[in-house]
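Dropping protein-v2.cif in here (mmCIF, C-alpha atoms and all ligand atoms):
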data_query
loop_
_atom_site.label_atom_id
_atom_site.label_comp_id
_atom_site.auth_asym_id
_atom_site.auth_seq_id
_atom_site.Cartn_x
_atom_site.Cartn_y
_atom_site.Cartn_z
CA MET A 551 101.24 89.47 98.35
CA PHE A 552 98.71 92.14 97.56
CA ILE A 553 101.15 95.04 97.70
CA GLU A 554 104.77 94.38 96.76
CA VAL A 555 107.42 97.04 97.03
CA ASP A 556 110.95 95.96 96.25
CA GLY A 557 113.91 98.33 96.40
CA VAL A 558 111.78 101.25 95.28
CA GLU A 559 113.35 104.69 94.89
CA LYS A 560 112.13 108.12 93.95
CA VAL A 561 114.56 110.87 93.07
CA PHE A 562 113.30 114.39 92.33
CA GLU A 563 115.33 116.85 90.29
CA VAL A 564 114.97 120.29 91.79
CA ARG A 565 116.33 123.53 90.37
CA ARG A 566 117.24 126.18 92.83
CA ARG A 567 118.11 129.75 92.17
CA THR A 568 121.48 130.51 93.70
CA GLY A 569 122.03 134.00 92.31
CA PHE A 570 121.36 136.25 89.33
CA LEU A 571 120.90 133.92 86.34
CA LYS A 572 122.47 131.16 88.33
CA ARG A 573 120.64 127.98 88.95
CA GLU A 574 121.78 124.90 90.69
CA ARG A 575 120.44 121.43 89.99
CA ARG A 576 120.02 119.24 92.93
CA GLN A 577 118.62 115.76 93.46
CA VAL A 578 116.30 114.94 96.32
CA ARG A 579 116.16 111.27 97.15
CA ALA A 580 112.65 111.26 98.61
CA VAL A 581 112.39 107.47 98.80
CA ASP A 582 115.60 105.53 99.08
CA SER A 583 115.36 101.84 98.26
CA ILE A 584 112.46 100.71 100.41
CA SER A 585 110.96 97.22 100.42
CA PHE A 586 107.84 95.85 102.07
CA THR A 587 104.82 93.70 101.35
CA VAL A 588 101.25 93.99 102.55
CA ALA A 589 98.88 91.02 102.58
CA ARG A 590 95.24 91.26 101.60
CA GLY A 591 93.13 92.45 104.53
CA GLU A 592 95.99 93.96 106.51
CA MET A 593 95.74 97.41 108.06
CA VAL A 594 99.17 98.98 108.20
CA GLY A 595 100.28 102.31 109.64
CA TYR A 596 102.91 104.25 107.74
CA ILE A 597 104.57 106.92 109.84
CA GLY A 598 107.58 109.20 109.91
CA PRO A 599 108.54 112.85 110.33
CA ASN A 600 107.74 115.61 107.82
CA GLY A 601 109.45 115.09 104.49
CA ALA A 602 110.25 111.43 105.24
CA GLY A 603 108.77 110.17 101.97
CA LYS A 604 105.33 108.90 103.03
CA SER A 605 103.21 110.79 100.51
CA THR A 606 105.73 110.06 97.76
CA THR A 607 105.39 106.34 98.51
CA ILE A 608 101.60 106.55 98.38
CA LYS A 609 101.71 108.47 95.11
CA MET A 610 103.88 105.73 93.61
CA LEU A 611 101.45 103.08 94.87
CA THR A 612 98.58 104.83 93.09
CA GLY A 613 100.56 105.40 89.89
CA ILE A 614 100.53 109.21 90.16
CA LEU A 615 104.35 109.12 90.38
CA THR A 616 106.68 106.74 88.56
CA PRO A 617 109.47 105.24 90.67
CA SER A 618 113.05 106.09 89.69
CA GLY A 619 114.05 102.53 90.48
CA GLY A 620 112.92 99.25 91.97
CA ARG A 621 109.82 97.17 91.48
CA LEU A 622 106.28 97.87 92.58
CA ARG A 623 103.07 95.84 92.23
CA VAL A 624 99.57 96.36 93.58
CA ALA A 625 97.16 93.48 92.94
CA GLY A 626 99.67 92.27 90.35
CA ILE A 627 99.50 95.60 88.50
CA ASP A 628 102.41 97.98 87.87
CA PRO A 629 100.73 101.20 89.07
CA SER A 630 102.43 103.80 86.88
CA ARG A 631 102.08 101.66 83.73
CA GLU A 632 98.44 100.79 84.20
CA ARG A 633 97.15 103.59 86.31
CA ARG A 634 93.64 103.52 84.85
CA ARG A 635 93.18 99.80 85.34
CA LEU A 636 94.49 100.04 88.89
CA ALA A 637 92.18 102.97 89.69
CA HIS A 638 89.20 100.60 89.66
CA ARG A 639 90.74 98.54 92.43
CA ILE A 640 92.14 101.19 94.78
CA GLY A 641 90.76 104.11 96.75
CA VAL A 642 92.80 107.12 97.89
CA VAL A 643 92.19 109.89 100.39
CA PHE A 644 94.64 112.75 100.66
CA GLY A 645 93.71 114.55 103.87
CA GLN A 646 95.39 117.75 102.74
CA ARG A 647 93.59 117.95 99.43
CA THR A 648 90.05 117.02 98.45
CA THR A 649 89.16 114.92 95.43
CA LEU A 650 85.63 116.32 95.51
CA TRP A 651 84.36 119.06 93.22
CA TRP A 652 84.65 122.18 95.30
CA ASP A 653 81.62 124.07 93.99
CA LEU A 654 79.21 121.16 93.62
CA PRO A 655 76.95 119.65 96.23
CA LEU A 656 78.50 116.51 97.70
CA ILE A 657 76.00 114.22 95.98
CA ASP A 658 77.00 115.56 92.55
CA SER A 659 80.59 114.50 93.10
CA TYR A 660 79.35 111.02 93.92
CA ARG A 661 77.16 110.95 90.80
CA LEU A 662 80.15 111.93 88.68
CA MET A 663 82.21 109.16 90.21
CA HIS A 664 79.39 106.69 89.62
CA ARG A 665 79.75 107.41 85.91
CA MET A 666 83.53 107.83 85.80
CA TYR A 667 84.16 104.45 87.40
CA ARG A 668 81.16 102.84 85.62
CA ILE A 669 79.92 101.48 88.93
CA PRO A 670 76.86 99.22 88.47
CA ASP A 671 73.75 101.05 89.75
CA GLY A 672 72.90 98.55 92.47
CA ARG A 673 76.38 98.53 93.88
CA TYR A 674 76.64 102.32 93.78
CA ARG A 675 73.34 102.67 95.70
CA GLU A 676 74.34 100.12 98.25
CA ASN A 677 77.79 101.61 98.86
CA LEU A 678 76.47 105.13 98.97
CA ASP A 679 73.72 104.24 101.45
CA ARG A 680 76.19 102.43 103.64
CA CYS A 681 78.70 105.32 103.64
CA VAL A 682 75.98 107.91 104.22
CA GLU A 683 74.76 106.00 107.22
CA LEU A 684 78.08 105.10 108.81
CA LEU A 685 79.80 108.41 108.07
CA GLU A 686 76.69 110.42 108.94
CA LEU A 687 76.52 112.26 105.65
CA GLY A 688 72.71 112.32 105.40
CA GLY A 689 72.23 116.02 106.02
CA LEU A 690 75.24 117.02 103.93
CA LEU A 691 74.57 115.58 100.49
CA ASP A 692 73.08 118.76 99.09
CA VAL A 693 75.71 121.08 100.57
CA PRO A 694 78.46 122.41 98.26
CA VAL A 695 81.79 120.95 99.29
CA ARG A 696 83.34 124.34 99.97
CA GLN A 697 80.75 124.92 102.69
CA LEU A 698 81.58 121.72 104.57
CA SER A 699 83.67 121.78 107.73
CA LEU A 700 87.00 120.00 107.58
CA GLY A 701 85.68 116.94 109.40
CA GLN A 702 82.58 116.76 107.20
CA ARG A 703 84.66 117.12 104.04
CA MET A 704 87.04 114.39 105.19
CA ARG A 705 84.14 112.01 105.73
CA GLY A 706 82.83 113.01 102.31
CA ASP A 707 86.21 112.24 100.78
CA ILE A 708 86.40 108.84 102.46
CA ALA A 709 82.96 107.93 101.08
CA ALA A 710 84.06 109.07 97.62
CA ALA A 711 87.08 106.76 97.77
CA LEU A 712 84.88 103.77 98.55
CA LEU A 713 81.96 104.00 96.12
CA HIS A 714 83.62 101.66 93.63
CA ASP A 715 84.43 98.95 96.22
CA PRO A 716 88.22 99.24 96.16
CA GLU A 717 90.21 96.30 97.50
CA VAL A 718 92.77 98.62 99.03
CA LEU A 719 92.39 102.06 100.56
CA TYR A 720 95.34 104.43 100.91
CA LEU A 721 94.79 107.17 103.46
CA ASP A 722 97.29 110.01 103.63
CA GLU A 723 96.61 111.80 106.92
CA PRO A 724 92.84 111.20 107.10
CA THR A 725 92.56 112.68 110.60
CA ILE A 726 94.67 115.81 110.11
CA GLY A 727 93.04 118.83 111.71
CA LEU A 728 90.01 116.91 112.96
CA ASP A 729 88.59 117.28 116.46
CA VAL A 730 88.45 114.36 118.86
CA ILE A 731 84.90 113.36 117.96
CA SER A 732 85.49 113.45 114.20
CA LYS A 733 88.69 111.46 114.63
CA ALA A 734 86.80 108.83 116.61
CA LYS A 735 84.13 108.59 113.89
CA VAL A 736 86.70 108.18 111.13
CA ARG A 737 88.61 105.54 113.09
CA GLU A 738 85.45 103.61 113.91
CA PHE A 739 84.47 103.62 110.26
CA LEU A 740 87.88 102.41 109.09
CA ARG A 741 87.93 99.64 111.67
CA GLU A 742 84.55 98.38 110.46
CA LEU A 743 85.53 98.67 106.82
CA ASN A 744 88.63 96.59 107.40
CA HIS A 745 86.82 94.08 109.59
CA ASP A 746 83.57 93.65 107.66
CA ARG A 747 84.79 93.99 104.10
CA GLY A 748 88.39 92.89 104.46
CA THR A 749 89.57 96.06 102.74
CA THR A 750 93.35 96.39 102.87
CA VAL A 751 94.30 99.73 104.42
CA LEU A 752 97.56 101.68 104.32
CA LEU A 753 97.36 104.64 106.66
CA THR A 754 99.71 107.60 106.95
CA THR A 755 99.37 109.78 110.01
CA HIS A 756 101.13 111.95 112.55
CA ASP A 757 98.70 110.84 115.25
CA LEU A 758 100.04 107.87 117.18
CA GLN A 759 96.52 107.16 118.47
CA ASP A 760 95.33 106.46 114.91
CA ILE A 761 97.92 103.71 114.78
CA GLU A 762 97.28 102.44 118.28
CA GLN A 763 93.57 102.13 117.71
CA LEU A 764 93.70 100.73 114.19
CA CYS A 765 96.92 99.07 113.16
CA SER A 766 98.62 96.00 114.52
CA ARG A 767 101.56 96.70 112.24
CA VAL A 768 103.44 99.92 111.71
CA MET A 769 106.16 100.89 109.25
CA VAL A 770 108.41 103.84 109.97
CA ILE A 771 110.17 105.79 107.25
CA ASP A 772 112.77 108.48 107.86
CA HIS A 773 114.81 110.29 105.23
CA GLY A 774 113.38 107.95 102.60
CA ARG A 775 114.52 104.80 104.36
CA MET A 776 112.48 102.18 106.17
CA VAL A 777 113.75 102.18 109.74
CA TYR A 778 111.15 99.91 111.33
CA ASP A 779 108.49 97.41 110.26
CA GLY A 780 106.65 95.46 112.95
CA PRO A 781 104.16 95.69 115.81
CA LEU A 782 103.58 99.04 117.51
CA ALA A 783 104.73 97.73 120.90
CA GLY A 784 108.03 96.74 119.30
CA LEU A 785 108.44 100.26 117.99
CA HIS A 786 108.42 101.62 121.51
CA GLU A 787 111.08 99.09 122.45
CA ALA A 788 113.15 99.80 119.38
CA GLY A 789 112.97 103.48 120.25
CA GLY A 790 113.73 102.67 123.88
CA SER A 791 111.00 105.14 124.64
CA GLU A 792 109.21 105.80 127.86
CA ARG A 793 105.75 106.82 128.89
CA ILE A 794 105.08 109.28 131.63
CA LEU A 795 102.74 108.63 134.53
CA VAL A 796 101.55 111.89 136.06
CA VAL A 797 100.26 111.44 139.62
CA ASP A 798 98.56 113.90 141.93
CA LEU A 799 99.06 113.12 145.61
CA GLU A 800 97.08 114.55 148.52
CA ARG A 801 100.02 116.71 149.53
CA GLU A 802 103.61 117.52 148.65
CA LEU A 803 105.83 114.54 149.39
CA PRO A 804 109.41 113.46 148.66
CA PRO A 805 109.84 111.76 145.25
CA ILE A 806 107.90 108.51 145.03
CA GLU A 807 110.10 105.47 145.33
CA VAL A 808 109.13 102.42 143.35
CA GLY A 809 111.30 99.55 142.23
CA GLY A 810 112.03 98.54 138.65
CA ALA A 811 112.65 100.87 135.77
CA ALA A 812 110.19 103.61 136.85
CA ARG A 813 111.62 106.80 138.30
CA VAL A 814 110.48 110.28 139.18
CA VAL A 815 111.66 112.79 136.59
CA ARG A 816 109.91 115.90 137.92
CA THR A 817 107.95 117.16 140.90
CA GLU A 818 105.79 120.23 141.35
CA GLY A 819 103.96 120.53 144.67
CA PRO A 820 101.76 117.46 145.10
CA ARG A 821 102.20 116.48 141.43
CA GLN A 822 104.92 114.05 140.34
CA TRP A 823 105.98 112.76 136.94
CA LEU A 824 107.31 109.20 136.62
CA ALA A 825 108.95 107.82 133.50
CA PHE A 826 108.51 104.11 132.81
CA PRO A 827 109.22 101.84 129.80
CA ALA A 828 106.55 102.32 127.13
CA GLY A 829 106.31 98.59 126.47
CA GLU A 830 105.10 97.89 130.04
CA PRO A 831 101.49 98.28 131.15
CA ALA A 832 100.91 101.11 133.64
CA ALA A 833 98.61 99.05 135.87
CA GLY A 834 101.32 97.48 138.07
CA LEU A 835 102.98 100.80 138.69
CA VAL A 836 99.66 102.48 139.47
CA SER A 837 98.58 99.87 142.01
CA GLN A 838 101.99 99.98 143.68
CA ILE A 839 101.77 103.75 144.10
CA ALA A 840 98.12 103.59 145.20
CA ALA A 841 99.07 101.12 147.95
CA ASP A 842 101.87 103.22 149.41
CA TYR A 843 100.92 106.83 148.68
CA PRO A 844 97.85 109.05 149.11
CA LEU A 845 96.92 109.03 145.42
CA VAL A 846 94.23 111.47 144.25
CA ASP A 847 94.45 111.43 140.46
CA LEU A 848 96.61 110.22 137.60
CA SER A 849 97.09 110.23 133.85
CA VAL A 850 99.42 108.56 131.38
CA ARG A 851 101.16 110.50 128.62
CA GLU A 852 102.20 108.73 125.45
CA PRO A 853 105.51 109.54 123.82
CA ASP A 854 104.89 111.15 120.45
CA ILE A 855 105.99 109.57 117.22
CA GLU A 856 108.65 112.16 116.51
CA ALA A 857 110.27 111.54 119.90
CA VAL A 858 110.25 107.79 119.40
CA ILE A 859 111.79 108.09 115.95
CA ALA A 860 114.38 110.63 117.07
CA ARG A 861 115.45 108.23 119.75
CA MET A 862 115.58 105.29 117.34
CA TYR A 863 117.95 107.29 115.21
CA ALA A 864 120.08 108.37 118.11
CA ASP A 865 120.38 104.71 119.17
CA LYS A 866 121.38 103.70 115.65
CA ALA A 867 124.02 106.39 115.41
CA SER A 868 125.59 105.38 118.69
CA ALA A 869 125.36 101.63 118.00
N1 LIG B 901 107.22 117.00 93.37
C1 LIG B 901 108.32 117.12 94.11
N2 LIG B 901 109.42 117.75 93.65
C2 LIG B 901 110.53 117.85 94.38
N3 LIG B 901 110.65 117.38 95.63
C3 LIG B 901 109.60 116.75 96.17
C4 LIG B 901 108.37 116.59 95.45
N4 LIG B 901 107.49 115.93 96.23
C5 LIG B 901 108.13 115.68 97.38
N5 LIG B 901 109.40 116.17 97.36
C6 LIG B 901 110.40 116.06 98.42
O1 LIG B 901 110.50 114.70 98.79
C7 LIG B 901 110.65 114.54 100.18
C8 LIG B 901 109.55 113.64 100.71
O2 LIG B 901 108.30 114.32 100.61
P1 LIG B 901 106.92 113.63 101.04
O3 LIG B 901 105.83 114.55 100.65
O4 LIG B 901 106.87 112.24 100.51
O5 LIG B 901 107.06 113.58 102.63
P2 LIG B 901 105.99 113.12 103.73
O6 LIG B 901 106.63 111.99 104.48
O7 LIG B 901 104.68 112.87 103.11
O8 LIG B 901 105.96 114.40 104.69
P3 LIG B 901 104.73 115.10 105.49
O9 LIG B 901 104.62 114.38 106.79
O10 LIG B 901 105.22 116.49 105.69
O11 LIG B 901 103.51 114.99 104.65
C9 LIG B 901 110.67 115.95 100.75
O12 LIG B 901 112.01 116.34 100.90
C10 LIG B 901 109.98 116.77 99.70
O13 LIG B 901 110.44 118.09 99.70
MG MG B 902 102.83 113.78 103.29
#
Go ahead and render the structure in this file as structure tokens.
Ligand SMILES: Nc1ncnc2c1ncn2[C@@H]1O[C@H](COP(=O)(O)OP(=O)(O)OP(=O)(O)O)[C@@H](O)[C@H]1O
Ligand SMILES: [Mg+2]
Amino acid sequence: MFIEVDGVEKVFEVRRRTGFLKRERRQVRAVDSISFTVARGEMVGYIGPNGAGKSTTIKMLTGILTPSGGRLRVAGIDPSRERRRLAHRIGVVFGQRTTLWWDLPLIDSYRLMHRMYRIPDGRYRENLDRCVELLELGGLLDVPVRQLSLGQRMRGDIAAALLHDPEVLYLDEPTIGLDVISKAKVREFLRELNHDRGTTVLLTTHDLQDIEQLCSRVMVIDHGRMVYDGPLAGLHEAGGSERILVVDLERELPPIEVGGAARVVRTEGPRQWLAFPAGEPAAGLVSQIAADYPLVDLSVREPDIEAVIARMYADKASA
């Protein structure tokens, strides 16, 4: 397996002031014995609520942090022991923090990386040209990074992570704060990268659509523990979650009656909200309603990740 994580833990020591000259030592178990493997060429989503341990995991996979326990290998390399050697084979994007030189024009950061990673000239040119074209960086190369918009900077960061042809790309919230169009561009690029080059991708996000559009497999971490690893559809089932169909009828009517698991959960004038199992396609329900009711408009709302996870936990606690 390309990435192997076996019983990995990370414990942070934190000192907290509890009074005058009084300090308390406390341990935070950020990652609590997680195990998973990722095959070459896979594109895996890694999700969970704030503070779950996602970034800590990614930092251990890059070698920035040393695990407190367990075993970790990326391309056969122990990341924290051979961080330099691994750096030539991995790319990382932290959405919250740029790896580019803030005051330099974008192209200068790339030139520095060209030298730092000793990328052969031909390969550097080729990768740069490809990224510039696909990420639409042409007009931005001479602009200092601090003058770039968030979406432009993110695309600049993604290009920077790929100039040395990494076999695996870790993305920690690559779409955070981006508008719909920028998100679509980033997703499109990642899909092509994974498809055309077979780059292995591990993607952390709070946007369920990133996962839906990119990843066939999703891992969920909560309080440092892996609570789910499988297909996205299965996650909805595991969470027992529902989607909401919002329908606008021609006029105010009594609650829509349809068979099966769908039911009206709210009405407001001619608008009605129906909850139905997230694992089922909406099409059947829509055509049933369209046949029996004067339907004007409709939309489907996805459950958000936090809600799905909260429900998974509630189910576990009551099981
Ligand atoms: N350097 C550190 N020192 C002490 N505690 C830390 C450190 N880094 C992270 N933590 C703690 O470890 C836990 C996991 O943090 P982590 O950043 O991995 O979460 P995350 O899943 O990435 O969350 P988010 O979605 O908010 O980015 C949190 O409780 C955090 O406060
Ligand atoms: Mg994080």
* To do: Could you tell me, counting all atoms listed in the file, which protein and nucleic acid residues lie no more than 6 Å from ligand LIG 901 (chain B), written as number ranges by chain?
  => A: 562, 564, 580, 599-606
* **Close residues to ligand MG 902 (chain B) using all atoms listed in the file, limit 12 Å, as an NGL selection string** => :A and (580 or 596-609 or 643-647 or 721-724 or 726 or 753-756 or 771)
* If we count all atoms listed in the file, what is near Asp847 in chain A at a cut-off of 12 Å, once residues fewer than 6 positions away on the same chain are taken out, given as a list of chain:residue names? ->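 My list of contacting residues is A:Leu795, A:Val796, A:Val797, A:Asp798, A:Leu799, A:Glu800, A:Arg801, A:Pro820, A:Arg821, A:Gln822, A:Val836, A:Ile839, A:Ala840.
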* To do: Extract, using only C-alpha atoms, all DNA, RNA and protein residues at most 12 Å from range 700-703 of chain A, discarding same-chain residues fewer than 5 positions from it, and format them as a PyMOL selection string.
  => chain A and resi 643-652+655-656+659+682+685-691+693-695+708-710+724-736
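Minimum atom-to-atom distance to Pro781 in chain A, evaluated using all atoms listed in the file, belongs to A:Ile761 out of A:Ala841, A:Leu848, A:Leu636, A:Ile761.
Taking CA of Glu738 in chain A and CA of Met704 in chain A as endpoints, the distance between them is 14.0 Å.
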* Asked: To one decimal place, how far is CA of Gly809 in chain A from CA of Glu762 in chain A in Å?
  ->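 Computing the Euclidean distance for CA of Gly809 in chain A and CA of Glu762 in chain A yields 27.9 Å.
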